[in-house]
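*Asks:* Provided herewith is a single structure, encoded as structure tokens, for subsequent inquiry.
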Amino acid sequence: MSSGRFWDKARTWWAAALLAAWLLTPAAAQAADKVRLQLQWVHQAQFAGFYLAQDLGLYAKTGLEVQIKPGGPGLDPLAELAAGRCDFALSWLSEALQRRGKGVPLVNLAQLVQRSSLLLVTFADSGIASIKDLQGKRVGLWSRQFALAPHALFQREGVRVQEVPQNVTMAPFLMRAVDAASAMLYNEYHQLYQAGVDWKQIRVFDFVELGLNFPEDGIYALDSTWAQRPEVCRRFVAASLEGWRRAFAQPEQALAAVMKRVDASHLASNRSHQRWMLDTMQRLITNRVGLALMGQLSPFDLKTVNQVLVQQGFLPAPVAEKGFAVPAWRAP
Amino acid sequence: MSQTPLRPRWLRLRSRFVIFVLSGVAVVAAAMALISHQEASQAMLKASQEHLLSLALAQAAELGRRLESVSAAPRGLALSLEQVGVRDRQFAVSILRQHISGNPRIFGMALALVPGQGPQRRLFSAYVYRTPQGFKSMDLDSPSYDYPRQDWYLIPSLLGRAVWSEPYFDEGGGGVLMTTFSAPLLSQGRVEGIVTADVSLQELGRQVRSLDVGSQGYAFVLTSQGTFLAAPIQEWVMRQTIFSLAEQYQRPDLRTLGQNMVRGRSGVLRLPDPRSGQPVWLAFAPVKEVGWSYVVVAPESEVLAPVQNLTRHQLYFAGLGLLIMGLVILVMVVGLTKPVQLLTAGARRLASGDLGSRVKGIRPGDEVGELADSFNTMAGDLQAHVAELQRKRKELEDSLHRIELLENIQNTLNKFVPTSVRARIAEAPEAPDLTKRETDVSVLFLDVAGYTKMSEQVAGEEMNFLIERYFSSFLDDIYQNKGDINETAGDGLMIIFQDDDPAKHALSAVNCAVAIQNKVAQVNQELKGRFQPVTINIGVNSGTALVGSSRFEGLAGTRWTFTATGPVTNTAARLGALASKGEIYIGPETAQRVQGRFALKDIGPQQLKNVAQPVQVFQVLGPLNA
């Protein structure tokens with residue numbers, strides 16, 4: 001078949017091109033740089049791009065040997081970073097700013113998630129139609145940075161709620177032990193759906209719509225890493241971003257990479273949930289920046305988060321963009 | 001009336017009968033089988049569905065009872081602690097241990113107080129659980145665990161009522177699937193603590209998997225969030241919810257079903273299996289104690305198995321019945337058609353000429369017997385008729401033979417029968433008018449001169465030859481002139497000429513005489529040298545004579561002759577005798593009639609024997625060329 005021969009030829013060319021690229025890559029000549037990435041949470045599609053970068057050999061191609069360390073309840077990635085137990089860590093912008101404010105010398109190499117995915121959810125039949133209706137109600141809130149935007153919101157709206165510590169399950173909400181609960185758009189919101197709650201049964205308060213867009217996942221490193229090994233940082237970020245682009249282009253492959261890790265870790269999740277998460281992550285990551293400017297930190301968002309942190313007393317003064325946001329994401 | 005030809009049947013009577021009757025029976029049987037199958041399958045399907053549902057209900061109830069028995073301990077403990085209060089940790093541990101040991105289903109029990117309520121004023125908790133080495137106790141209030149945030153504590157605290165937790169994998173208990181019952185410890189309406197009991201769900205998984213739902217059926221249990229707690233596919237357990245399956249397989253019906261399940265409803269319905277797409281029957285019932293749902297699933301093929309068995313049996317018996325029916329019909333049809341075949345064969349034999357053929361072996365007494373009887377009677381009659389016919393034909397043949405003989409005789413006789421007689425006979429063969437009548441005729445007498453002398457000289461054989469030779473040569477002339485040879489007498493002939501026109505027969509007679517004389521001369525010439533020439537003398541006379549048959553009676557029989565009698569004949573004979581040397585003498589009447597046609601010589605009146613008056617005689621010299 002002629003087409004078959006064409007493809008054989010094309011494959012040969014590709015192989016040659018890849019070989020040339022590999023030989024010309026300076027890093028390839030040296031021994032691979034070993035780096036460790038600390039994730040914020042257990043394996044899930046929130047990190048699909050990193051998995052794919054590893055599985056497709058994008059890290060290896062750029063001379064990196066990356067160890068991906070899953071997180072979990074009680075694990076603080078930035079603490080791991082500060083302690084030197086990893087080279088790169090994923091964290092929310094708000095959390096990172098607070099740490100830097102507290103003197104942890106970390107830099108933002110790339111801002112992945114451009115848009116807040118934090119939601120407050122209530123049942124549509126609960127009679128809570130606005131934030132003001134939350135007055136005196138039991139509201140499930142996660143700790144630390146997850147509570148920042150809600151606190152800012154309640155303060156702004158002058159609402160006093162009965163805060164209830166929220167754990168990893170949505171059971172308190174589902175059993176109506178709380179009137180409202182926190183949910184991530186890519187995770188708990190869909191878990192509710194997978195627990196049989198129809199979309200129309202849930203009322204959603206979206207912090208972006210409420211003017212409190214807190215960019216979430218970003219890649220962080222210590223100042224020293226960025227200063228001493230900027231190329232490693234750049235290569236890591238570039239390969240990671242490429243991994244994400246591949247994940248968006250080949251969602252099935254990305255999903256396979258996710259499920260492989262989910263299964264290996266015996267995590268109680270399923271494929272359709274991870275598919276939802278991957279789809280949502282694409283919207284969150286490419287929001288505003290598209291595929292081309294993935295990784296860019298918006299100065300406006302930085303300002304918003306700084307403001308809220310100062311207002312809430314978590315920061316004595318805003319963290320300056322310079323020195324904090326380093327353009328490791330930008331192609332040299 | 002035009003009759004279209006009938007299209008021939010393409011099936012024999014036997015096959016036709018069998019096919020018609022059998023198909024009729026088959027239609028009736030099929031209709032009955034269909035109706036009974038419909039009703040039976042409906043009933044069986046209903047029974048199968050009810051069986052499935054009752055299975056689900058029974059299992060759900062059983063599971064509910066087991067869980068309820070577990071919940072009794074923490075409920076009771078919470079109630080009693082509301083009375084006595086929690087003195088210290090040792091007290092808590094001992095009372096927990098006491099309750100666990102009383103209920104083998106309980107894996108572990110905890111007592112956790114609301115911060116600020118217990119003896120330590122901050123966090124207070126005690127947990128006692130089973131190990132292979134015996135009971136162990138521990139505190140749950142570590143900073144990393146932070147029990148007030150845990151669902152088992154938080155939810156009943158907030159709701160102020162006892163709840164069952166969503167099942168979870170207990171990491172402390174070796175990854176065993178557990179669920180926890182939490183009962184609040186209330187004091188004046190305020191929650192002061194939580195008492196829990198953990199139950200391992202490992203046993204439940206085994207029980208659900210081993211539940212007998214037919215060979216291909218299975219059971220599963222869903223939590224109140226729709227999560228698979230026990231499932232045919234281990235991978236689904238705690239990972240998939242019925243809603244995630246609905247999402248994965250794009251099955252909105254599953255989602256609706258799941259919502260009915262988590263709402264504590266029960267039911268039975270048919271749906272395609274999300275994985276195989278094969279139709280299955282699914283029954284679900286709520287485990288009321290915990291808000292779970294117990295589900296049993298059986299493939300439709302299995303649910304319908306009894307129906308299919310019934311159908312198979314019905315088909316088998318219907319087939320068998322039809323077979324027997326067919327045999328019965330066949331026997332009957334053979335009984336009916338066998339005589340027909342015998343009759344047909346008999347008719348064939350009859351048709352081929354075997355008239356003695358009779359149909360045997362058909363029992364009398366019914367219609368076919370009557371038919372056979374009629375056939376045999378008919379064959380007998382036919383045989384008799386044909387025999388009669390044969391006899392008649394024989395007679396006819398004999399008659400024909402006689403006729404043939406007669407015809408031969410006639411042909412021979414014709415030569416001797418005068419033409420005029422033949423004509424008369426032909427006119428009325430039954431009763432020929434042969435009576436004598438007075439008729440105007442011409443009579444010619446011919447006489448061989450010297451016949452007696454010649455007979456002496458010539459041998460008898462040769463004499464006969466000569467006579468025949470000469471006489472034969474005359475015959476044509478005689479017939480041509482319509483003369484009737486009336487009499488032969490060895491050496492002479494008497495010839496009668498008749499015609500309605502008196503002139504005409506006279507002319508014919510004379511013409512004939514002249515022609516005879518010419519022939520004589522001719523034959524004489526031919527036979528010259530072999531025989532002496534023959535001389536023939538001829539006499540002709542015309543007039544009225546009695547013409548008809550004359551009958552001569554004798555001993556040997558009756559002989560008939562046809563002749564003309566009377567003086568005219570006599571005169572003609574005498575004229576012939578008078579003539580000599582080949583002369584032709586004619587009487588006056590003849591002469592008068594042929595005058596002008598022949599050259600005549602008047603010989604004058606002559607005295608003739610037996611004639612009273614002399615007769616004017618004329619000699620014919622020859623025809624006149626007019």
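In the structure tokens, each chain is lettered A, B, ... as it comes, each chain's residues begin at 1, and ligands are numbered from 1 in order of appearance.
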Got a sec to tell me which of stretch 215-249 of chain B DSSP assigns to strand (DSSP E or B), as a PyMOL selection string?
*Replies:* chain B and resi 218-222+227-230+241
*Asks:* Could you write out that same residue set with N, CA and C atoms as a PDB file, in the first residue's frame?
*Replies:*
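In the end it all went to selection_29.pdb:
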ATOM      1  N   TYR B 218     -25.759 -11.792  39.954  1.00  0.00           N
ATOM      2  CA  TYR B 218     -24.859 -11.308  40.986  1.00  0.00           C
ATOM      3  C   TYR B 218     -25.597 -10.283  41.837  1.00  0.00           C
ATOM      4  N   ALA B 219     -24.958  -9.932  42.914  1.00  0.00           N
ATOM      5  CA  ALA B 219     -25.562  -8.959  43.817  1.00  0.00           C
ATOM      6  C   ALA B 219     -24.540  -7.887  44.099  1.00  0.00           C
ATOM      7  N   PHE B 220     -25.018  -6.724  44.465  1.00  0.00           N
ATOM      8  CA  PHE B 220     -24.093  -5.708  44.964  1.00  0.00           C
ATOM      9  C   PHE B 220     -24.819  -4.808  45.951  1.00  0.00           C
ATOM     10  N   VAL B 221     -24.001  -4.081  46.696  1.00  0.00           N
ATOM     11  CA  VAL B 221     -24.567  -3.184  47.697  1.00  0.00           C
ATOM     12  C   VAL B 221     -24.032  -1.790  47.422  1.00  0.00           C
ATOM     13  N   LEU B 222     -24.931  -0.833  47.431  1.00  0.00           N
ATOM     14  CA  LEU B 222     -24.531   0.551  47.224  1.00  0.00           C
ATOM     15  C   LEU B 222     -24.706   1.315  48.526  1.00  0.00           C
ATOM     16  N   THR B 227     -22.111   4.537  46.130  1.00  0.00           N
ATOM     17  CA  THR B 227     -20.809   3.888  45.954  1.00  0.00           C
ATOM     18  C   THR B 227     -20.955   2.372  46.090  1.00  0.00           C
ATOM     19  N   PHE B 228     -20.223   1.669  45.224  1.00  0.00           N
ATOM     20  CA  PHE B 228     -20.258   0.208  45.311  1.00  0.00           C
ATOM     21  C   PHE B 228     -19.505  -0.245  46.559  1.00  0.00           C
ATOM     22  N   LEU B 229     -20.203  -1.000  47.381  1.00  0.00           N
ATOM     23  CA  LEU B 229     -19.639  -1.462  48.623  1.00  0.00           C
ATOM     24  C   LEU B 229     -19.197  -2.904  48.464  1.00  0.00           C
ATOM     25  N   ALA B 230     -19.968  -3.606  47.711  1.00  0.00           N
ATOM     26  CA  ALA B 230     -19.629  -4.974  47.358  1.00  0.00           C
ATOM     27  C   ALA B 230     -20.139  -5.105  45.947  1.00  0.00           C
ATOM     28  N   THR B 241     -19.270   4.748  41.638  1.00  0.00           N
ATOM     29  CA  THR B 241     -20.636   4.841  42.141  1.00  0.00           C
ATOM     30  C   THR B 241     -21.520   4.458  40.967  1.00  0.00           C
TER      31      THR B 241
END
*Asks:* For stretch 323-331 of chain B, work out the shell of residues within 12 Å, counting only C-alpha atoms and skipping chain neighbours fewer than 4 positions away, then give it as a list in words.
*Replies:*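 Answer for this query is Leu13, Arg14, Ser15, Arg16, Phe17, Val18, Ile19, Phe20, Val21, Leu22, Ser23, Gly24, Val25, Ala26, Ala29, Leu315, Tyr316, Phe317, Ala318, Gly319, Gly335, Leu336, Thr337 and Lys338 of chain B.
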*Asks:* Keeping only N, CA and C atoms, write the selected residues as a short mmCIF file (atom, residue, chain, number, x, y, z; two decimals), in the first residue's frame.
*Replies:*
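Final output, saved to again31.cif:
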data_model
loop_
_atom_site.label_atom_id
_atom_site.label_comp_id
_atom_site.auth_asym_id
_atom_site.auth_seq_id
_atom_site.Cartn_x
_atom_site.Cartn_y
_atom_site.Cartn_z
N LEU B 13 -53.55 -37.14 -3.46
CA LEU B 13 -54.58 -37.05 -2.43
C LEU B 13 -53.99 -37.26 -1.05
N ARG B 14 -53.08 -38.23 -0.99
CA ARG B 14 -52.51 -38.61 0.30
C ARG B 14 -51.74 -37.45 0.92
N SER B 15 -50.82 -36.85 0.11
CA SER B 15 -50.03 -35.74 0.62
C SER B 15 -50.92 -34.56 0.94
N ARG B 16 -51.91 -34.35 0.05
CA ARG B 16 -52.78 -33.21 0.24
C ARG B 16 -53.54 -33.32 1.56
N PHE B 17 -54.05 -34.48 1.77
CA PHE B 17 -54.82 -34.72 2.99
C PHE B 17 -53.94 -34.49 4.22
N VAL B 18 -52.76 -35.11 4.16
CA VAL B 18 -51.85 -35.00 5.32
C VAL B 18 -51.48 -33.54 5.54
N ILE B 19 -51.13 -32.85 4.45
CA ILE B 19 -50.68 -31.46 4.59
C ILE B 19 -51.81 -30.59 5.13
N PHE B 20 -53.00 -30.72 4.52
CA PHE B 20 -54.11 -29.86 4.93
C PHE B 20 -54.49 -30.10 6.39
N VAL B 21 -54.70 -31.34 6.69
CA VAL B 21 -55.16 -31.64 8.05
C VAL B 21 -54.07 -31.29 9.06
N LEU B 22 -52.83 -31.65 8.70
CA LEU B 22 -51.74 -31.42 9.64
C LEU B 22 -51.50 -29.94 9.84
N SER B 23 -51.58 -29.16 8.74
CA SER B 23 -51.34 -27.73 8.91
C SER B 23 -52.47 -27.11 9.71
N GLY B 24 -53.67 -27.59 9.50
CA GLY B 24 -54.77 -27.11 10.32
C GLY B 24 -54.53 -27.39 11.79
N VAL B 25 -54.16 -28.62 12.05
CA VAL B 25 -53.89 -29.01 13.43
C VAL B 25 -52.72 -28.19 13.98
N ALA B 26 -51.70 -28.00 13.12
CA ALA B 26 -50.51 -27.27 13.56
C ALA B 26 -50.87 -25.83 13.90
N ALA B 29 -52.66 -25.86 17.14
CA ALA B 29 -51.71 -26.18 18.20
C ALA B 29 -50.79 -25.00 18.47
N LEU B 315 -42.73 -26.89 22.72
CA LEU B 315 -42.39 -27.15 21.32
C LEU B 315 -42.17 -28.64 21.12
N TYR B 316 -41.48 -29.25 22.09
CA TYR B 316 -41.16 -30.66 21.99
C TYR B 316 -42.45 -31.47 21.93
N PHE B 317 -43.37 -31.14 22.88
CA PHE B 317 -44.60 -31.92 22.93
C PHE B 317 -45.49 -31.60 21.73
N ALA B 318 -45.48 -30.34 21.32
CA ALA B 318 -46.27 -29.98 20.14
C ALA B 318 -45.75 -30.75 18.94
N GLY B 319 -44.42 -30.82 18.82
CA GLY B 319 -43.80 -31.55 17.71
C GLY B 319 -44.17 -33.01 17.76
N GLY B 335 -55.76 -45.79 4.67
CA GLY B 335 -56.98 -46.59 4.71
C GLY B 335 -57.98 -46.10 3.69
N LEU B 336 -58.01 -44.77 3.51
CA LEU B 336 -58.98 -44.20 2.57
C LEU B 336 -58.52 -44.35 1.13
N THR B 337 -57.23 -44.13 0.94
CA THR B 337 -56.75 -44.07 -0.44
C THR B 337 -56.37 -45.44 -0.98
N LYS B 338 -56.13 -46.39 -0.10
CA LYS B 338 -55.77 -47.74 -0.56
C LYS B 338 -56.88 -48.30 -1.47
#
*Asks:* Pull out every residue of chain A that has at least one atom within 8 Å of chain B, counting only C-alpha atoms, and report them as an MDAnalysis selection string.
*Replies:* chainID A and resid 74 165:167 169 171:172 175 177:178 193:196 267:273
*Asks:* Closest to B:Tyr479 among B:Cys512, B:Asp354, B:Arg161, B:Ser137, using only C-alpha atoms?
*Replies:* B:Cys512
*Asks:* Considering only C-alpha atoms, return as a PyMOL selection string whatever protein or nucleic-acid residues lie within 7 Å of stretch 304-312 of chain B, sequence-local ones (same chain, fewer than 2 positions apart) excluded.
*Replies:* chain B and resi 37+41+44-45+300-302+314-316
*Asks:* Counting only C-alpha atoms, which residues of stretch 227-328 of chain A fall within 12 Å of stretch 185-192 of chain A, and what is the closest atom pair for each with its distance in Å at one decimal, ordered by chain and rising number, as JSON lines?
*Replies:*
{"residue": "A:Ala268", "atom": "CA", "partner": "A:Gln191", "partner_atom": "CA", "distance": 11.5}
{"residue": "A:Ser269", "atom": "CA", "partner": "A:Gln191", "partner_atom": "CA", "distance": 9.6}
{"residue": "A:Asn270", "atom": "CA", "partner": "A:Gln191", "partner_atom": "CA", "distance": 10.4}
{"residue": "A:Ser272", "atom": "CA", "partner": "A:His190", "partner_atom": "CA", "distance": 9.7}
{"residue": "A:His273", "atom": "CA", "partner": "A:His190", "partner_atom": "CA", "distance": 7.0}
{"residue": "A:Gln274", "atom": "CA", "partner": "A:Asn187", "partner_atom": "CA", "distance": 8.5}
{"residue": "A:Arg275", "atom": "CA", "partner": "A:Tyr186", "partner_atom": "CA", "distance": 9.6}
{"residue": "A:Trp276", "atom": "CA", "partner": "A:Tyr186", "partner_atom": "CA", "distance": 6.7}
{"residue": "A:Met277", "atom": "CA", "partner": "A:Tyr186", "partner_atom": "CA", "distance": 4.6}
{"residue": "A:Leu278", "atom": "CA", "partner": "A:Tyr186", "partner_atom": "CA", "distance": 7.8}
{"residue": "A:Asp279", "atom": "CA", "partner": "A:Tyr186", "partner_atom": "CA", "distance": 8.2}
{"residue": "A:Thr280", "atom": "CA", "partner": "A:Tyr186", "partner_atom": "CA", "distance": 5.5}
{"residue": "A:Met281", "atom": "CA", "partner": "A:Tyr186", "partner_atom": "CA", "distance": 6.9}
{"residue": "A:Gln282", "atom": "CA", "partner": "A:Tyr186", "partner_atom": "CA", "distance": 10.1}
{"residue": "A:Arg283", "atom": "CA", "partner": "A:Tyr186", "partner_atom": "CA", "distance": 9.9}
{"residue": "A:Leu284", "atom": "CA", "partner": "A:Tyr186", "partner_atom": "CA", "distance": 9.2}
{"residue": "A:Ile285", "atom": "CA", "partner": "A:Tyr186", "partner_atom": "CA", "distance": 11.9}
*Asks:* Going by DSSP on the backbone, which bits of stretch 235-449 of chain B are alpha helix (DSSP H)? Write them as a PyMOL selection string, please.
*Replies:* chain B and resi 242-248+252-262+300-303+305-351+367-414+419-427
*Asks:* Could the residues in this selection be saved with C-alpha atoms as a CSV table (one decimal), in the first residue's frame?
*Replies:*
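And here's selection05.csv as it stands now:
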chain,number,residue,atom,x,y,z
B,242,ILE,CA,-23.7,3.9,40.1
B,243,PHE,CA,-23.6,7.5,39.0
B,244,SER,CA,-20.0,7.3,37.8
B,245,LEU,CA,-20.9,4.1,35.8
B,246,ALA,CA,-23.9,6.0,34.3
B,247,GLU,CA,-21.5,8.7,33.3
B,248,GLN,CA,-18.9,6.4,32.0
B,252,PRO,CA,-29.0,8.4,32.1
B,253,ASP,CA,-31.3,5.5,33.1
B,254,LEU,CA,-28.7,4.2,35.5
B,255,ARG,CA,-28.4,7.6,37.1
B,256,THR,CA,-32.2,7.7,37.6
B,257,LEU,CA,-32.1,4.2,39.0
B,258,GLY,CA,-29.3,5.1,41.4
B,259,GLN,CA,-31.2,8.1,42.6
B,260,ASN,CA,-34.2,5.8,43.4
B,261,MET,CA,-31.8,3.5,45.2
B,262,VAL,CA,-30.2,6.1,47.4
B,300,GLU,CA,-32.7,-11.9,31.3
B,301,SER,CA,-31.6,-15.1,29.7
B,302,GLU,CA,-31.5,-16.6,33.2
B,303,VAL,CA,-34.7,-15.0,34.4
B,305,ALA,CA,-34.7,-19.7,31.5
B,306,PRO,CA,-37.8,-21.3,33.0
B,307,VAL,CA,-39.9,-19.7,30.3
B,308,GLN,CA,-37.5,-20.9,27.7
B,309,ASN,CA,-37.6,-24.4,29.3
B,310,LEU,CA,-41.3,-24.3,29.2
B,311,THR,CA,-41.2,-23.1,25.5
B,312,ARG,CA,-38.8,-25.9,24.7
B,313,HIS,CA,-41.1,-28.4,26.4
B,314,GLN,CA,-44.1,-27.1,24.7
B,315,LEU,CA,-42.4,-27.1,21.3
B,316,TYR,CA,-41.2,-30.7,22.0
B,317,PHE,CA,-44.6,-31.9,22.9
B,318,ALA,CA,-46.3,-30.0,20.1
B,319,GLY,CA,-43.8,-31.5,17.7
B,320,LEU,CA,-44.4,-35.0,19.2
B,321,GLY,CA,-48.2,-34.4,19.0
B,322,LEU,CA,-48.0,-33.3,15.5
B,323,LEU,CA,-45.9,-36.3,14.6
B,324,ILE,CA,-48.4,-38.7,16.2
B,325,MET,CA,-51.2,-36.7,14.6
B,326,GLY,CA,-49.4,-37.0,11.3
B,327,LEU,CA,-49.1,-40.8,11.7
B,328,VAL,CA,-52.7,-41.1,12.6
B,329,ILE,CA,-53.7,-39.1,9.6
B,330,LEU,CA,-51.4,-41.1,7.4
B,331,VAL,CA,-52.9,-44.3,8.6
B,332,MET,CA,-56.4,-42.9,8.0
B,333,VAL,CA,-55.5,-41.6,4.6
B,334,VAL,CA,-53.8,-44.8,3.6
B,335,GLY,CA,-57.0,-46.6,4.7
B,336,LEU,CA,-59.0,-44.2,2.6
B,337,THR,CA,-56.7,-44.1,-0.4
B,338,LYS,CA,-55.8,-47.7,-0.6
B,339,PRO,CA,-59.2,-48.8,-1.9
B,340,VAL,CA,-59.0,-45.8,-4.3
B,341,GLN,CA,-55.7,-47.1,-5.5
B,342,LEU,CA,-57.2,-50.6,-5.8
B,343,LEU,CA,-60.1,-49.1,-7.7
B,344,THR,CA,-57.7,-47.1,-9.9
B,345,ALA,CA,-55.6,-50.2,-10.7
B,346,GLY,CA,-58.8,-52.1,-11.4
B,347,ALA,CA,-60.0,-49.4,-13.7
B,348,ARG,CA,-56.6,-49.4,-15.5
B,349,ARG,CA,-56.8,-53.1,-16.0
B,350,LEU,CA,-60.3,-52.7,-17.2
B,351,ALA,CA,-59.2,-49.9,-19.6
B,367,GLU,CA,-69.0,-45.6,0.7
B,368,VAL,CA,-65.8,-46.9,-0.7
B,369,GLY,CA,-67.1,-50.4,-0.3
B,370,GLU,CA,-70.2,-49.4,-2.3
B,371,LEU,CA,-68.1,-47.8,-4.9
B,372,ALA,CA,-66.0,-51.0,-5.2
B,373,ASP,CA,-69.2,-53.0,-5.5
B,374,SER,CA,-70.6,-50.7,-8.1
B,375,PHE,CA,-67.3,-50.9,-10.0
B,376,ASN,CA,-67.4,-54.7,-9.9
B,377,THR,CA,-71.0,-54.7,-11.1
B,378,MET,CA,-70.1,-52.2,-13.8
B,379,ALA,CA,-67.2,-54.3,-14.9
B,380,GLY,CA,-69.4,-57.4,-15.0
B,381,ASP,CA,-72.0,-55.6,-17.1
B,382,LEU,CA,-69.3,-54.3,-19.3
B,383,GLN,CA,-67.9,-57.7,-19.8
B,384,ALA,CA,-71.3,-59.1,-20.7
B,385,HIS,CA,-71.9,-56.2,-23.1
B,386,VAL,CA,-68.6,-56.6,-24.7
B,387,ALA,CA,-69.2,-60.3,-25.1
B,388,GLU,CA,-72.5,-59.6,-26.7
B,389,LEU,CA,-70.8,-57.1,-28.9
B,390,GLN,CA,-68.2,-59.6,-29.9
B,391,ARG,CA,-70.8,-62.1,-30.8
B,392,LYS,CA,-72.7,-59.5,-32.9
B,393,ARG,CA,-69.5,-58.4,-34.5
B,394,LYS,CA,-68.7,-62.0,-35.4
B,395,GLU,CA,-72.1,-62.2,-37.0
B,396,LEU,CA,-71.5,-59.0,-38.8
B,397,GLU,CA,-68.2,-60.3,-40.0
B,398,ASP,CA,-69.8,-63.4,-41.3
B,399,SER,CA,-72.4,-61.3,-43.0
B,400,LEU,CA,-69.7,-59.2,-44.6
B,401,HIS,CA,-67.9,-62.3,-45.7
B,402,ARG,CA,-71.1,-63.5,-47.3
B,403,ILE,CA,-71.6,-60.1,-48.9
B,404,GLU,CA,-68.1,-60.3,-50.2
B,405,LEU,CA,-68.9,-63.7,-51.7
B,406,LEU,CA,-72.1,-62.4,-53.1
B,407,GLU,CA,-70.4,-59.4,-54.6
B,408,ASN,CA,-67.9,-61.8,-56.2
B,409,ILE,CA,-70.8,-63.9,-57.5
B,410,GLN,CA,-72.5,-60.7,-58.7
B,411,ASN,CA,-69.4,-59.6,-60.5
B,412,THR,CA,-69.3,-63.0,-62.2
B,413,LEU,CA,-73.0,-63.1,-62.8
B,414,ASN,CA,-73.0,-59.6,-64.2
B,419,THR,CA,-77.5,-54.6,-68.8
B,420,SER,CA,-81.1,-53.7,-68.8
B,421,VAL,CA,-81.8,-56.3,-66.1
B,422,ARG,CA,-79.0,-54.9,-64.0
B,423,ALA,CA,-80.4,-51.4,-64.5
B,424,ARG,CA,-83.8,-52.6,-63.4
B,425,ILE,CA,-82.3,-54.3,-60.3
B,426,ALA,CA,-80.3,-51.2,-59.5
B,427,GLU,CA,-83.4,-49.1,-59.7
*Asks:* Hey, which of B:Glu589, B:Glu62, B:Asp440, B:Asp198 ends up closest to B:Thr565? Count only C-alpha atoms.
*Replies:* B:Asp440
*Asks:* Got a sec: who's within 7 Å of B:Phe497, counting only C-alpha atoms, leaving out chain neighbours fewer than 2 positions off, as a list in words?
*Replies:*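 Near B:Phe497, the qualifying residues are Val441, Ser442, Val443, Lys482, Gly483, Asp484, Ile495, Asp499, His505 and Ala509 of chain B.
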*Asks:* Could you jot down the atom CA of A:Val159 to atom CA of A:Leu134 separation for me, Å, one decimal place?
*Replies:*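 These atoms are spaced 7.0 Å apart.
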*Asks:* So which residues touch stretch 108-112 of chain A within 6 Å, counting only C-alpha atoms, skipping near sequence neighbours fewer than 5 positions away, as an NGL selection string?
*Replies:* :A and (217-220 or 285 or 295-297 or 324-326 or 328-329)
*Asks:* Please list as an NGL selection string every residue within 12 Å of A:Pro230, counting only C-alpha atoms and excluding residues in the same chain fewer than 6 positions away.
*Replies:* :A and (107 or 109 or 221-224 or 236-238 or 326-329 or 332)
*Asks:* Would you output that residue set with C-alpha atoms, as a compact mmCIF listing (two decimals), in the first residue's frame?
*Replies:*
# COMPACT_ATOMS: atom_id res chain seq x y z
CA VAL A 107 9.96 31.83 43.62
CA LEU A 109 8.54 29.52 38.18
CA ALA A 221 11.34 26.45 43.70
CA LEU A 222 13.66 27.96 46.21
CA ASP A 223 15.52 31.11 45.23
CA SER A 224 18.74 29.20 45.46
CA PHE A 236 11.68 21.37 33.96
CA VAL A 237 9.01 24.02 33.46
CA ALA A 238 9.18 23.80 29.66
CA VAL A 326 10.59 34.52 37.65
CA PRO A 327 10.03 33.83 33.96
CA ALA A 328 11.15 30.24 33.94
CA TRP A 329 8.06 29.44 31.89
CA PRO A 332 14.62 31.83 26.42
*Asks:* With distances taken over only C-alpha atoms, which residue among A:Arg229, A:Arg203, A:Arg246, A:Lys61 lies nearest A:Ser126?
*Replies:* A:Arg203
*Asks:* Just to confirm, what's the straight-line distance from atom CA of A:Thr62 to atom CA of A:Phe50 in Å (one decimal)?
*Replies:*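 We find that atom CA of A:Thr62 and atom CA of A:Phe50 lie 13.9 Å from each other.
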*Asks:* Using only C-alpha atoms, which of B:Pro533, B:Gly291, B:Gly134, B:Pro279 sits nearest B:Ser101?
*Replies:* B:Gly134
*Asks:* Report as a PyMOL selection string all protein, DNA and RNA residues lying within 12 Å of stretch 298-302 of chain A, evaluated on only C-alpha atoms, omitting residues in the same chain fewer than 6 positions from it.
*Replies:* chain A and resi 92-97+108+110-116+208+211-216+218+287-289+308-309+318-322+324-325+327
*Asks:* Counting only C-alpha atoms, which residue out of A:Asp125, A:Asp198, A:Gln67, A:Ala331 sits closest to A:Asp55?
*Replies:*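 Under the stated criterion, the closest residue is A:Gln67.
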*Asks:* If you measure from atom CA of B:Leu211 to atom CA of B:Val268, what distance in Å do you get, rounded to one decimal?
*Replies:* 17.7 Å
